[in-house]
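Participant: Got a file for you: target-v2.tsv, TSV, C-alpha atoms (C1' of nucleotides).
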chain	number	residue	atom	x	y	z
A	259	MET	CA	22.98	26.83	17.87
A	260	ASP	CA	21.01	30.05	18.25
A	261	HIS	CA	22.30	32.36	20.90
A	262	HIS	CA	18.98	33.28	22.42
A	263	ASP	CA	17.69	29.75	22.56
A	264	ALA	CA	20.74	28.63	24.48
A	265	GLU	CA	20.37	31.57	26.83
A	266	ALA	CA	16.78	30.62	27.46
A	267	ASP	CA	17.83	27.05	28.14
A	268	PHE	CA	20.32	28.03	30.80
A	269	GLU	CA	17.87	30.45	32.33
A	270	GLN	CA	15.23	27.75	32.56
A	271	LEU	CA	17.76	25.34	33.97
A	272	LEU	CA	18.60	27.77	36.74
A	273	ARG	CA	14.97	28.55	37.54
A	274	ALA	CA	14.07	24.89	37.57
A	275	ALA	CA	16.78	24.40	40.16
A	276	ASP	CA	15.42	27.29	42.22
A	277	LEU	CA	18.46	29.38	41.57
A	278	ARG	CA	18.45	33.06	40.78
A	279	VAL	CA	19.36	33.95	37.24
A	280	THR	CA	22.40	36.19	37.26
A	281	ARG	CA	24.87	37.31	34.66
A	282	PRO	CA	27.79	35.50	36.32
A	283	ARG	CA	25.86	32.24	36.46
A	284	LEU	CA	24.85	32.41	32.81
A	285	ALA	CA	28.40	33.32	31.86
A	286	VAL	CA	29.79	30.37	33.81
A	287	LEU	CA	27.36	27.97	32.18
A	288	ARG	CA	28.32	29.26	28.74
A	289	ALA	CA	32.01	29.02	29.64
A	290	VAL	CA	31.68	25.42	30.79
A	291	ARG	CA	29.76	24.57	27.64
A	292	ARG	CA	32.48	26.07	25.50
A	293	HIS	CA	35.28	24.42	27.50
A	294	PRO	CA	34.37	20.96	28.75
A	295	HIS	CA	36.68	19.74	31.54
A	296	ALA	CA	38.08	23.23	32.10
A	297	ASP	CA	39.46	24.00	35.53
A	298	THR	CA	38.34	26.96	37.60
A	299	GLY	CA	41.03	29.24	36.26
A	300	SER	CA	40.09	28.52	32.67
A	301	VAL	CA	36.42	29.02	33.45
A	302	LEU	CA	37.26	32.34	35.06
A	303	ALA	CA	39.23	33.42	32.00
A	304	ALA	CA	36.45	32.33	29.66
A	305	VAL	CA	33.83	34.09	31.75
A	306	ARG	CA	35.79	37.32	31.67
A	307	THR	CA	35.83	37.43	27.90
A	308	GLU	CA	32.10	38.12	28.20
A	309	GLU	CA	31.80	39.59	31.67
A	310	PRO	CA	35.11	41.22	32.48
A	311	THR	CA	34.10	42.33	35.95
A	312	VAL	CA	33.24	38.93	37.43
A	313	SER	CA	35.37	38.14	40.45
A	314	HIS	CA	37.29	34.96	40.95
A	315	GLN	CA	35.34	34.31	44.11
A	316	ALA	CA	32.07	34.54	42.18
A	317	VAL	CA	33.26	31.84	39.83
A	318	TYR	CA	34.13	29.57	42.75
A	319	ASP	CA	30.74	30.27	44.32
A	320	VAL	CA	28.84	29.71	41.10
A	321	LEU	CA	30.65	26.49	40.25
A	322	GLY	CA	29.91	25.37	43.78
A	323	VAL	CA	26.17	25.95	43.65
A	324	LEU	CA	25.87	24.63	40.12
A	325	SER	CA	27.64	21.45	41.20
A	326	ASP	CA	25.50	21.11	44.29
A	327	SER	CA	22.37	21.55	42.17
A	328	GLY	CA	23.58	19.05	39.64
A	329	LEU	CA	23.64	21.52	36.75
A	330	VAL	CA	27.33	20.95	36.24
A	331	ARG	CA	29.50	18.05	37.21
A	332	ARG	CA	32.75	18.49	39.06
A	333	ILE	CA	35.53	16.00	38.48
A	334	GLN	CA	38.96	15.93	40.00
A	335	PRO	CA	41.34	13.27	38.75
A	336	ALA	CA	44.22	12.60	41.13
A	337	GLY	CA	46.89	15.23	40.74
A	338	SER	CA	44.56	17.66	39.03
A	339	VAL	CA	42.62	20.65	40.22
A	340	ALA	CA	38.82	20.58	39.97
A	341	ARG	CA	37.37	20.47	36.47
A	342	TYR	CA	33.82	21.04	35.32
A	343	GLU	CA	31.51	19.85	32.58
A	344	LEU	CA	27.89	20.22	31.52
A	345	ARG	CA	27.20	16.59	30.64
A	346	VAL	CA	25.28	15.45	33.63
A	347	GLY	CA	23.19	12.47	34.62
A	348	ASP	CA	24.27	10.22	31.77
A	349	ASN	CA	26.77	8.14	33.69
A	350	HIS	CA	29.67	8.74	31.41
A	351	HIS	CA	33.24	8.42	32.57
A	352	HIS	CA	36.65	9.90	31.82
A	353	VAL	CA	40.02	8.98	30.36
A	354	VAL	CA	42.88	11.00	31.76
A	355	CYS	CA	46.30	11.28	30.17
A	356	ARG	CA	49.02	10.46	32.68
A	357	SER	CA	51.44	12.71	30.84
A	358	CYS	CA	49.58	15.91	29.97
A	359	GLY	CA	46.43	15.60	32.05
A	360	THR	CA	44.02	15.94	29.16
A	361	VAL	CA	40.56	14.58	29.90
A	362	ALA	CA	38.14	13.01	27.45
A	363	ASP	CA	34.66	11.56	27.86
A	364	VAL	CA	34.09	7.83	27.72
A	365	ASP	CA	30.85	5.93	27.61
A	366	CYS	CA	31.32	2.69	29.49
A	367	ALA	CA	30.68	-0.35	27.36
A	368	VAL	CA	29.32	-2.51	30.13
A	369	GLY	CA	25.97	-0.83	30.46
A	370	VAL	CA	24.18	2.10	31.91
A	371	ARG	CA	25.58	1.85	35.42
A	372	PRO	CA	28.74	-0.15	35.11
A	373	CYS	CA	30.48	-1.62	38.07
A	374	LEU	CA	27.92	-0.29	40.47
A	375	ASP	CA	27.78	-3.69	42.10
A	376	ALA	CA	30.73	-3.98	44.37
A	377	SER	CA	31.16	-7.26	46.15
A	378	ASP	CA	31.38	-5.85	49.65
A	379	THR	CA	31.02	-2.19	50.44
A	380	HIS	CA	31.53	-2.55	54.18
A	381	GLY	CA	28.10	-1.21	54.95
A	382	PHE	CA	28.47	1.91	52.83
A	383	VAL	CA	25.32	3.06	51.02
A	384	VAL	CA	26.68	3.51	47.52
A	385	ASP	CA	24.90	5.78	45.05
A	386	GLU	CA	27.48	6.24	42.34
A	387	ALA	CA	30.35	4.46	40.70
A	388	GLU	CA	32.86	6.76	39.08
A	389	VAL	CA	35.31	5.23	36.65
A	390	THR	CA	38.54	6.93	35.70
A	391	TYR	CA	40.61	5.42	32.92
A	392	TRP	CA	44.31	6.23	33.04
A	393	GLY	CA	46.67	6.13	30.12
A	394	LEU	CA	48.21	8.26	27.42
A	395	CYS	CA	46.44	10.53	24.99
A	396	PRO	CA	47.19	10.10	21.29
A	397	ALA	CA	49.70	12.97	21.31
A	398	CYS	CA	51.62	11.82	24.39
A	399	ALA	CA	51.55	8.18	23.34
A	400	THR	CA	53.68	8.98	20.30
A	401	ALA	CA	55.60	12.11	21.33
A	402	PRO	CA	58.02	12.42	24.24
A	403	ALA	CA	56.50	13.79	27.45
A	404	THR	CA	56.55	17.57	27.46
A	405	ALA	CA	53.15	19.13	27.95
A	406	THR	CA	51.66	20.05	31.28
A	407	ALA	CA	47.99	19.81	32.10
A	408	THR	CA	46.03	22.99	31.66
A	409	GLU	CA	43.13	23.02	29.33
A	410	ASN	CA	41.23	20.58	27.27
B	688	MET	CA	53.42	-10.25	62.92
B	689	ASP	CA	56.99	-10.26	64.12
B	690	HIS	CA	58.66	-6.90	64.09
B	691	HIS	CA	61.91	-8.02	62.58
B	692	ASP	CA	60.31	-10.07	59.85
B	693	ALA	CA	58.25	-7.11	58.76
B	694	GLU	CA	61.34	-4.93	58.78
B	695	ALA	CA	63.13	-7.42	56.60
B	696	ASP	CA	60.17	-7.48	54.21
B	697	PHE	CA	60.18	-3.74	53.73
B	698	GLU	CA	63.93	-3.72	53.36
B	699	GLN	CA	63.75	-6.37	50.65
B	700	LEU	CA	60.93	-4.51	48.97
B	701	LEU	CA	63.06	-1.39	48.77
B	702	ARG	CA	66.13	-3.22	47.52
B	703	ALA	CA	64.10	-5.08	44.93
B	704	ALA	CA	62.93	-1.72	43.66
B	705	ASP	CA	66.50	-0.43	43.52
B	706	LEU	CA	65.87	2.02	46.27
B	707	ARG	CA	68.24	2.76	49.13
B	708	VAL	CA	67.16	1.55	52.50
B	709	THR	CA	66.82	4.48	54.87
B	710	ARG	CA	65.17	5.01	58.21
B	711	PRO	CA	62.65	7.51	56.84
B	712	ARG	CA	61.59	5.10	54.09
B	713	LEU	CA	61.12	2.21	56.47
B	714	ALA	CA	59.22	4.45	58.86
B	715	VAL	CA	56.93	5.65	56.08
B	716	LEU	CA	56.21	2.09	54.98
B	717	ARG	CA	55.37	1.11	58.54
B	718	ALA	CA	53.19	4.21	58.95
B	719	VAL	CA	51.24	3.46	55.78
B	720	ARG	CA	50.79	-0.14	56.88
B	721	ARG	CA	49.41	1.01	60.22
B	722	HIS	CA	47.17	3.66	58.67
B	723	PRO	CA	45.73	2.60	55.32
B	724	HIS	CA	44.35	5.55	53.31
B	725	ALA	CA	46.12	8.06	55.55
B	726	ASP	CA	46.94	11.43	54.04
B	727	THR	CA	50.43	12.90	54.01
B	728	GLY	CA	49.91	14.77	57.27
B	729	SER	CA	48.80	11.64	59.07
B	730	VAL	CA	51.71	9.68	57.65
B	731	LEU	CA	54.06	12.38	58.85
B	732	ALA	CA	52.57	12.28	62.32
B	733	ALA	CA	52.75	8.50	62.42
B	734	VAL	CA	56.33	8.49	61.19
B	735	ARG	CA	57.35	10.94	63.88
B	736	THR	CA	56.15	8.69	66.65
B	737	GLU	CA	59.06	6.45	65.67
B	738	GLU	CA	61.43	8.87	64.00
B	739	PRO	CA	60.82	12.28	65.51
B	740	THR	CA	63.38	14.07	63.38
B	741	VAL	CA	62.02	13.20	59.95
B	742	SER	CA	61.14	16.33	57.99
B	743	HIS	CA	57.88	16.93	56.25
B	744	GLN	CA	59.71	17.27	52.97
B	745	ALA	CA	61.25	13.83	53.44
B	746	VAL	CA	57.80	12.32	53.83
B	747	TYR	CA	56.65	13.99	50.62
B	748	ASP	CA	59.77	12.77	48.85
B	749	VAL	CA	59.50	9.24	50.18
B	750	LEU	CA	55.81	8.92	49.37
B	751	GLY	CA	56.65	10.21	45.92
B	752	VAL	CA	59.36	7.66	45.17
B	753	LEU	CA	57.41	4.82	46.76
B	754	SER	CA	54.42	5.69	44.59
B	755	ASP	CA	56.54	5.95	41.47
B	756	SER	CA	58.11	2.59	42.26
B	757	GLY	CA	54.75	1.01	42.89
B	758	LEU	CA	55.49	0.11	46.52
B	759	VAL	CA	52.62	2.23	47.70
B	760	ARG	CA	49.54	3.39	45.90
B	761	ARG	CA	48.42	6.98	45.91
B	762	ILE	CA	44.73	7.76	45.68
B	763	GLN	CA	43.02	11.08	45.69
B	764	PRO	CA	39.25	11.11	45.69
B	765	ALA	CA	37.75	14.41	44.54
B	766	GLY	CA	37.83	16.95	47.32
B	767	SER	CA	40.45	15.05	49.29
B	768	VAL	CA	44.16	15.44	49.65
B	769	ALA	CA	46.39	12.57	48.53
B	770	ARG	CA	46.07	9.33	50.49
B	771	TYR	CA	48.32	6.30	50.51
B	772	GLU	CA	48.01	2.56	50.97
B	773	LEU	CA	50.18	-0.54	50.80
B	774	ARG	CA	47.76	-2.77	48.92
B	775	VAL	CA	49.16	-2.68	45.47
B	776	GLY	CA	48.72	-4.56	42.25
B	777	ASP	CA	45.52	-6.33	43.21
B	778	ASN	CA	43.14	-4.05	41.35
B	779	HIS	CA	40.96	-3.24	44.28
B	780	HIS	CA	38.89	-0.09	44.42
B	781	HIS	CA	37.53	2.35	46.99
B	782	VAL	CA	34.29	3.52	48.54
B	783	VAL	CA	34.38	7.08	49.74
B	784	CYS	CA	31.89	8.60	52.16
B	785	ARG	CA	30.42	11.81	50.76
B	786	SER	CA	29.90	13.12	54.25
B	787	CYS	CA	33.03	12.36	56.25
B	788	GLY	CA	35.47	11.33	53.55
B	789	THR	CA	36.27	7.94	55.04
B	790	VAL	CA	37.74	5.50	52.55
B	791	ALA	CA	37.33	1.73	52.52
B	792	ASP	CA	38.64	-0.95	50.18
B	793	VAL	CA	36.34	-2.72	47.77
B	794	ASP	CA	37.01	-5.72	45.61
B	795	CYS	CA	35.09	-5.31	42.40
B	796	ALA	CA	32.66	-8.13	41.78
B	797	VAL	CA	32.93	-8.11	38.03
B	798	GLY	CA	36.34	-9.66	37.74
B	799	VAL	CA	40.00	-8.99	37.96
B	800	ARG	CA	40.10	-5.91	35.77
B	801	PRO	CA	36.58	-4.56	35.77
B	802	CYS	CA	35.41	-1.97	33.33
B	803	LEU	CA	38.74	-1.82	31.59
B	804	ASP	CA	36.96	-2.07	28.29
B	805	ALA	CA	35.62	1.34	27.50
B	806	SER	CA	33.58	1.67	24.33
B	807	ASP	CA	35.61	4.47	22.80
B	808	THR	CA	38.69	5.94	24.39
B	809	HIS	CA	39.33	8.53	21.69
B	810	GLY	CA	42.69	7.04	20.83
B	811	PHE	CA	43.96	7.02	24.40
B	812	VAL	CA	46.16	4.08	25.36
B	813	VAL	CA	44.47	2.99	28.56
B	814	ASP	CA	46.40	0.97	31.15
B	815	GLU	CA	44.21	1.22	34.20
B	816	ALA	CA	40.60	1.62	35.20
B	817	GLU	CA	40.12	3.14	38.61
B	818	VAL	CA	36.71	2.83	40.20
B	819	THR	CA	35.55	5.10	43.00
B	820	TYR	CA	32.27	4.31	44.69
B	821	TRP	CA	30.54	7.26	46.33
B	822	GLY	CA	28.01	7.07	49.10
B	823	LEU	CA	27.66	7.22	52.85
B	824	CYS	CA	29.57	5.24	55.41
B	825	PRO	CA	27.58	3.31	58.02
B	826	ALA	CA	28.03	6.06	60.61
B	827	CYS	CA	27.02	8.94	58.33
B	828	ALA	CA	24.15	6.99	56.78
B	829	THR	CA	22.38	6.88	60.12
B	830	ALA	CA	23.68	9.95	61.96
B	831	PRO	CA	23.36	13.56	60.81
B	832	ALA	CA	26.35	14.93	58.92
B	833	THR	CA	28.98	16.28	61.28
B	834	ALA	CA	32.38	14.74	60.84
B	835	THR	CA	35.07	16.06	58.56
B	836	ALA	CA	37.49	13.89	56.65
B	837	THR	CA	40.81	13.32	58.30
B	838	GLU	CA	41.90	9.82	59.06
B	839	ASN	CA	40.67	6.38	58.37
C	743	DT	C1'	87.73	3.29	54.21
C	744	DG	C1'	86.66	6.84	50.91
C	745	DA	C1'	84.36	8.74	47.12
C	746	DA	C1'	80.09	9.49	44.41
C	747	DA	C1'	75.35	9.36	44.17
C	748	DG	C1'	71.44	9.93	46.31
C	749	DA	C1'	68.54	11.22	50.37
C	750	DC	C1'	67.49	14.35	54.05
C	751	DT	C1'	66.96	19.01	56.49
C	752	DT	C1'	65.76	23.63	56.51
C	753	DG	C1'	63.29	27.39	55.11
C	754	DA	C1'	61.06	29.96	51.70
C	755	DC	C1'	57.44	29.98	48.30
C	756	DT	C1'	53.47	28.96	45.13
C	757	DG	C1'	48.83	28.39	43.82
C	758	DA	C1'	44.25	26.54	44.45
C	759	DT	C1'	40.70	27.22	47.43
C	760	DT	C1'	38.31	29.36	51.36
C	761	DC	C1'	36.89	32.92	54.80
C	762	DA	C1'	34.90	37.31	56.14
C	763	DA	C1'	32.83	41.78	55.72
C	764	DG	C1'	30.51	44.92	53.07
C	765	DT	C1'	27.89	46.25	48.69
C	766	DA	C1'	24.73	45.25	45.00
C	767	DA	C1'	21.28	42.95	42.50
C	768	DA	C1'	17.20	39.52	41.99
C	769	DG	C1'	12.74	38.29	42.99
C	770	DA	C1'	8.46	38.97	45.67
C	771	DC	C1'	4.81	41.71	46.92
C	772	DG	C1'	1.95	45.47	47.39
D	570	DC	C1'	6.50	50.65	39.48
D	571	DG	C1'	8.92	51.17	43.93
D	572	DT	C1'	10.40	49.01	48.21
D	573	DC	C1'	11.96	45.18	50.94
D	574	DT	C1'	14.18	40.87	51.93
D	575	DT	C1'	17.12	37.53	50.48
D	576	DT	C1'	20.96	36.06	48.23
D	577	DA	C1'	24.70	36.92	45.18
D	578	DC	C1'	28.82	39.31	44.22
D	579	DT	C1'	33.19	42.12	45.20
D	580	DT	C1'	37.23	42.90	47.63
D	581	DG	C1'	40.98	41.57	50.15
D	582	DA	C1'	43.10	38.64	53.28
D	583	DA	C1'	44.17	34.01	54.91
D	584	DT	C1'	44.95	28.93	54.76
D	585	DC	C1'	47.06	24.81	53.58
D	586	DA	C1'	48.78	21.09	50.62
D	587	DG	C1'	52.38	20.63	48.00
D	588	DT	C1'	56.87	22.22	45.69
D	589	DC	C1'	61.46	24.44	45.05
D	590	DA	C1'	66.21	25.26	46.21
D	591	DA	C1'	70.54	25.13	48.66
D	592	DG	C1'	73.33	22.84	51.65
D	593	DT	C1'	74.49	18.69	54.63
D	594	DC	C1'	74.41	13.94	55.80
D	595	DT	C1'	74.13	8.73	54.44
D	596	DT	C1'	74.08	4.92	51.87
D	597	DT	C1'	76.33	2.05	48.88
D	598	DC	C1'	80.01	0.23	46.27
D	599	DA	C1'	84.63	-0.23	45.01
Could you spell out this file's structure in structure tokens?
Facilitator:
Amino acid sequence: MDHHDAEADFEQLLRAADLRVTRPRLAVLRAVRRHPHADTGSVLAAVRTEEPTVSHQAVYDVLGVLSDSGLVRRIQPAGSVARYELRVGDNHHHVVCRSCGTVADVDCAVGVRPCLDASDTHGFVVDEAEVTYWGLCPACATAPATATATEN
Amino acid sequence: MDHHDAEADFEQLLRAADLRVTRPRLAVLRAVRRHPHADTGSVLAAVRTEEPTVSHQAVYDVLGVLSDSGLVRRIQPAGSVARYELRVGDNHHHVVCRSCGTVADVDCAVGVRPCLDASDTHGFVVDEAEVTYWGLCPACATAPATATATEN
DNA sequence: TGAAAGACTTGACTGATTCAAGTAAAGACG
DNA sequence: CGTCTTTACTTGAATCAGTCAAGTCTTTCA
């Protein structure tokens, strides 16, 4: 994984989305790549290891525009703050640990767009079906409940 | 729907769950029945039309214990505050309007427990698959986006 | 009826997220 | 390459859902 190639990728990604290329945006993209499912606070911390002067507001703004542009995906399991990931457009889903809040990716077995056919959507125009699996992660399934959700 | 019968039902429900029967709890159950998918604030407001002295903390507490006991179900679509409903244990799902946040119930067409078979759950012990359909409600699909999510 | 456990009230507090005003940097164009 | 316009970022304050803590009232059960 060459550093400059990855940089170029993110830069292209931004330009293709008609977004200005800025240091905070590149840093956020790198942070999200390094920490899949990280919440805003973790992204901020990760960003500041490279760009110590980036403000917390900038991170909120950047995550907002990147989400709106579809460059990152925002998820928010019940009871959790917003989390972000780079995997986008591949219709994957998430398992969330009820005990510690850890999130992992899951490819649905049913097909490319599972469960997108609801019987009656009351006239809603549906464009996405999001599946969240709830349960216990390997650690919490065996150990007593202690941990609290923070990072992945 | 006779008033006293319904009261008796809720009372039984509470006792069956080993919960004390209190005015706030009955009022919350009635409020949630009257306002499916209402958030905590709306439940509080609805409760106070019958029991004006109930504190906001009590409503949080009651909704907490009722959720833990499985008497009500708590949902929280991304970007929304917690919402509550009485329909429980029937594995139904939700459509959420991207524009106004309105929530509606959906029975999944695939079967009783749709999508519960994920290909690889990374060792998680999964006990529930929650499906959230995203799209536009009839009103927002035709009209320009204006409304903001509040009540159902 | 009276005691013990549990629920409720009150009031303060936290923490994620947003708002607003001003400064700085990116991209376009000459 | 320098200037201009647009848009991003910084700073600092504010909001709001939800939680914590201490004390009082109720429910339940003996």
Participant: Both chains have the same sequence, so match all Cα atoms in order, fit chain A onto chain B by least squares, and return it as a short mmCIF file (atom, residue, chain, number, x, y, z; two decimals) with C-alpha atoms, in the frame of the given file.
Facilitator:
data_model
loop_
_atom_site.label_atom_id
_atom_site.label_comp_id
_atom_site.auth_asym_id
_atom_site.auth_seq_id
_atom_site.Cartn_x
_atom_site.Cartn_y
_atom_site.Cartn_z
CA MET A 259 53.40 -10.27 62.99
CA ASP A 260 57.04 -10.34 64.09
CA HIS A 261 58.73 -7.00 64.07
CA HIS A 262 61.97 -8.10 62.49
CA ASP A 263 60.34 -10.11 59.76
CA ALA A 264 58.27 -7.14 58.69
CA GLU A 265 61.36 -4.95 58.74
CA ALA A 266 63.15 -7.42 56.53
CA ASP A 267 60.20 -7.46 54.16
CA PHE A 268 60.21 -3.72 53.69
CA GLU A 269 63.96 -3.68 53.32
CA GLN A 270 63.79 -6.32 50.61
CA LEU A 271 60.97 -4.47 48.93
CA LEU A 272 63.08 -1.33 48.75
CA ARG A 273 66.17 -3.14 47.49
CA ALA A 274 64.16 -4.99 44.89
CA ALA A 275 62.98 -1.63 43.63
CA ASP A 276 66.55 -0.34 43.53
CA LEU A 277 65.90 2.11 46.28
CA ARG A 278 68.24 2.85 49.14
CA VAL A 279 67.12 1.60 52.50
CA THR A 280 66.80 4.52 54.88
CA ARG A 281 65.18 5.03 58.23
CA PRO A 282 62.62 7.52 56.87
CA ARG A 283 61.58 5.14 54.11
CA LEU A 284 61.12 2.22 56.48
CA ALA A 285 59.22 4.44 58.87
CA VAL A 286 56.92 5.64 56.10
CA LEU A 287 56.21 2.10 54.97
CA ARG A 288 55.38 1.08 58.53
CA ALA A 289 53.19 4.17 58.94
CA VAL A 290 51.24 3.44 55.77
CA ARG A 291 50.80 -0.16 56.85
CA ARG A 292 49.44 0.94 60.19
CA HIS A 293 47.19 3.60 58.66
CA PRO A 294 45.74 2.57 55.31
CA HIS A 295 44.35 5.53 53.32
CA ALA A 296 46.12 8.04 55.56
CA ASP A 297 46.94 11.41 54.05
CA THR A 298 50.41 12.90 54.07
CA GLY A 299 49.89 14.74 57.32
CA SER A 300 48.78 11.60 59.11
CA VAL A 301 51.69 9.66 57.67
CA LEU A 302 54.04 12.37 58.88
CA ALA A 303 52.55 12.23 62.36
CA ALA A 304 52.75 8.44 62.44
CA VAL A 305 56.32 8.48 61.20
CA ARG A 306 57.34 10.90 63.91
CA THR A 307 56.15 8.63 66.67
CA GLU A 308 59.07 6.41 65.67
CA GLU A 309 61.45 8.85 64.03
CA PRO A 310 60.79 12.24 65.55
CA THR A 311 63.36 14.06 63.45
CA VAL A 312 61.99 13.22 60.00
CA SER A 313 61.10 16.34 58.05
CA HIS A 314 57.82 16.93 56.34
CA GLN A 315 59.63 17.30 53.05
CA ALA A 316 61.21 13.86 53.50
CA VAL A 317 57.78 12.33 53.87
CA TYR A 318 56.60 14.00 50.67
CA ASP A 319 59.74 12.81 48.88
CA VAL A 320 59.47 9.28 50.20
CA LEU A 321 55.78 8.94 49.39
CA GLY A 322 56.63 10.23 45.94
CA VAL A 323 59.34 7.70 45.18
CA LEU A 324 57.43 4.85 46.76
CA SER A 325 54.43 5.70 44.58
CA ASP A 326 56.56 5.99 41.48
CA SER A 327 58.13 2.61 42.24
CA GLY A 328 54.77 1.05 42.87
CA LEU A 329 55.52 0.13 46.49
CA VAL A 330 52.63 2.24 47.69
CA ARG A 331 49.55 3.40 45.90
CA ARG A 332 48.43 6.99 45.92
CA ILE A 333 44.74 7.76 45.68
CA GLN A 334 43.05 11.11 45.68
CA PRO A 335 39.27 11.12 45.68
CA ALA A 336 37.78 14.41 44.51
CA GLY A 337 37.83 16.94 47.30
CA SER A 338 40.43 15.05 49.27
CA VAL A 339 44.15 15.43 49.66
CA ALA A 340 46.40 12.56 48.56
CA ARG A 341 46.07 9.32 50.50
CA TYR A 342 48.32 6.29 50.52
CA GLU A 343 48.02 2.55 50.97
CA LEU A 344 50.20 -0.54 50.77
CA ARG A 345 47.78 -2.80 48.91
CA VAL A 346 49.17 -2.69 45.45
CA GLY A 347 48.71 -4.56 42.20
CA ASP A 348 45.50 -6.32 43.17
CA ASN A 349 43.11 -4.06 41.33
CA HIS A 350 40.96 -3.22 44.26
CA HIS A 351 38.88 -0.09 44.40
CA HIS A 352 37.53 2.36 46.97
CA VAL A 353 34.29 3.53 48.53
CA VAL A 354 34.38 7.10 49.73
CA CYS A 355 31.91 8.63 52.15
CA ARG A 356 30.46 11.84 50.74
CA SER A 357 29.91 13.16 54.24
CA CYS A 358 33.05 12.39 56.25
CA GLY A 359 35.49 11.35 53.55
CA THR A 360 36.28 7.96 55.03
CA VAL A 361 37.74 5.51 52.53
CA ALA A 362 37.34 1.75 52.50
CA ASP A 363 38.64 -0.95 50.17
CA VAL A 364 36.32 -2.70 47.76
CA ASP A 365 36.97 -5.70 45.59
CA CYS A 366 35.02 -5.29 42.39
CA ALA A 367 32.57 -8.09 41.79
CA VAL A 368 32.82 -8.06 38.04
CA GLY A 369 36.22 -9.66 37.76
CA VAL A 370 39.88 -9.04 37.98
CA ARG A 371 40.00 -5.95 35.78
CA PRO A 372 36.50 -4.58 35.78
CA CYS A 373 35.36 -2.01 33.33
CA LEU A 374 38.70 -1.88 31.62
CA ASP A 375 36.93 -2.12 28.30
CA ALA A 376 35.63 1.28 27.47
CA SER A 377 33.64 1.59 24.29
CA ASP A 378 35.66 4.39 22.76
CA THR A 379 38.72 5.86 24.37
CA HIS A 380 39.39 8.42 21.65
CA GLY A 381 42.74 6.93 20.83
CA PHE A 382 44.00 6.92 24.40
CA VAL A 383 46.19 3.96 25.38
CA VAL A 384 44.49 2.90 28.59
CA ASP A 385 46.39 0.87 31.18
CA GLU A 386 44.19 1.17 34.23
CA ALA A 387 40.60 1.58 35.22
CA GLU A 388 40.11 3.13 38.62
CA VAL A 389 36.68 2.84 40.19
CA THR A 390 35.54 5.11 42.98
CA TYR A 391 32.26 4.33 44.68
CA TRP A 392 30.55 7.30 46.31
CA GLY A 393 28.03 7.12 49.09
CA LEU A 394 27.67 7.26 52.84
CA CYS A 395 29.57 5.26 55.40
CA PRO A 396 27.57 3.35 58.00
CA ALA A 397 28.02 6.10 60.60
CA CYS A 398 27.03 8.99 58.32
CA ALA A 399 24.16 7.06 56.77
CA THR A 400 22.38 6.95 60.12
CA ALA A 401 23.72 10.00 61.97
CA PRO A 402 23.39 13.63 60.88
CA ALA A 403 26.38 15.00 58.97
CA THR A 404 29.01 16.32 61.33
CA ALA A 405 32.41 14.75 60.85
CA THR A 406 35.09 16.07 58.58
CA ALA A 407 37.50 13.90 56.65
CA THR A 408 40.82 13.31 58.31
CA GLU A 409 41.89 9.82 59.04
CA ASN A 410 40.68 6.38 58.36
#
Participant: Given a cut-off of 8 Å, which residues of chain A touch chain C, counting all atoms listed in the file, written out as a list in words?
Facilitator: Arg278, Val279, Thr280 and Val339 of chain A
Participant: Taking all atoms listed in the file into account, produce a table as a tab-separated table in which each residue of chain D with an atom at most 10 Å from an atom of chain A appears once, together with its shortest atom pair and the distance in Å to one decimal, ordered by chain and rising number.
Facilitator:
residue	atom	partner	partner_atom	distance
D:DT576	C1'	A:Arg278	CA	8.4
D:DA577	C1'	A:Thr280	CA	8.3
D:DC578	C1'	A:Ala316	CA	6.1
D:DT579	C1'	A:Ser313	CA	6.6
D:DT580	C1'	A:Ser313	CA	8.8
Participant: Within 10 Å of chain A, which residues of chain B show up when using all atoms listed in the file, listed as a PyMOL selection string?
Facilitator: chain B and resi 761-769+780-785+790-798+801-828
Participant: Suppose you want the space between atom CA of Gly359 of chain A and atom CA of Glu309 of chain A; what is it in Å?
Facilitator: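 Spanning atom CA of Gly359 of chain A to atom CA of Glu309 of chain A is a straight-line distance of 28.1 Å.
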Participant: Which is closest to Tyr747 of chain B among B:Arg770, B:Arg717, B:His779, B:Arg702, if we use all atoms listed in the file?
Facilitator: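 The answer is B:Arg770, which sits nearest to Tyr747 of chain B.
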Participant: What gap, in Å, lies between atom CA of Ala703 of chain B and atom C1' of DT593 of chain D?
Facilitator: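 Here the two named atoms are 27.7 Å from each other.
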Participant: What is the distance, in Å and to one decimal place, between atom CA of Ala733 of chain B and atom C1' of DA583 of chain D?
Facilitator: 27.9 Å
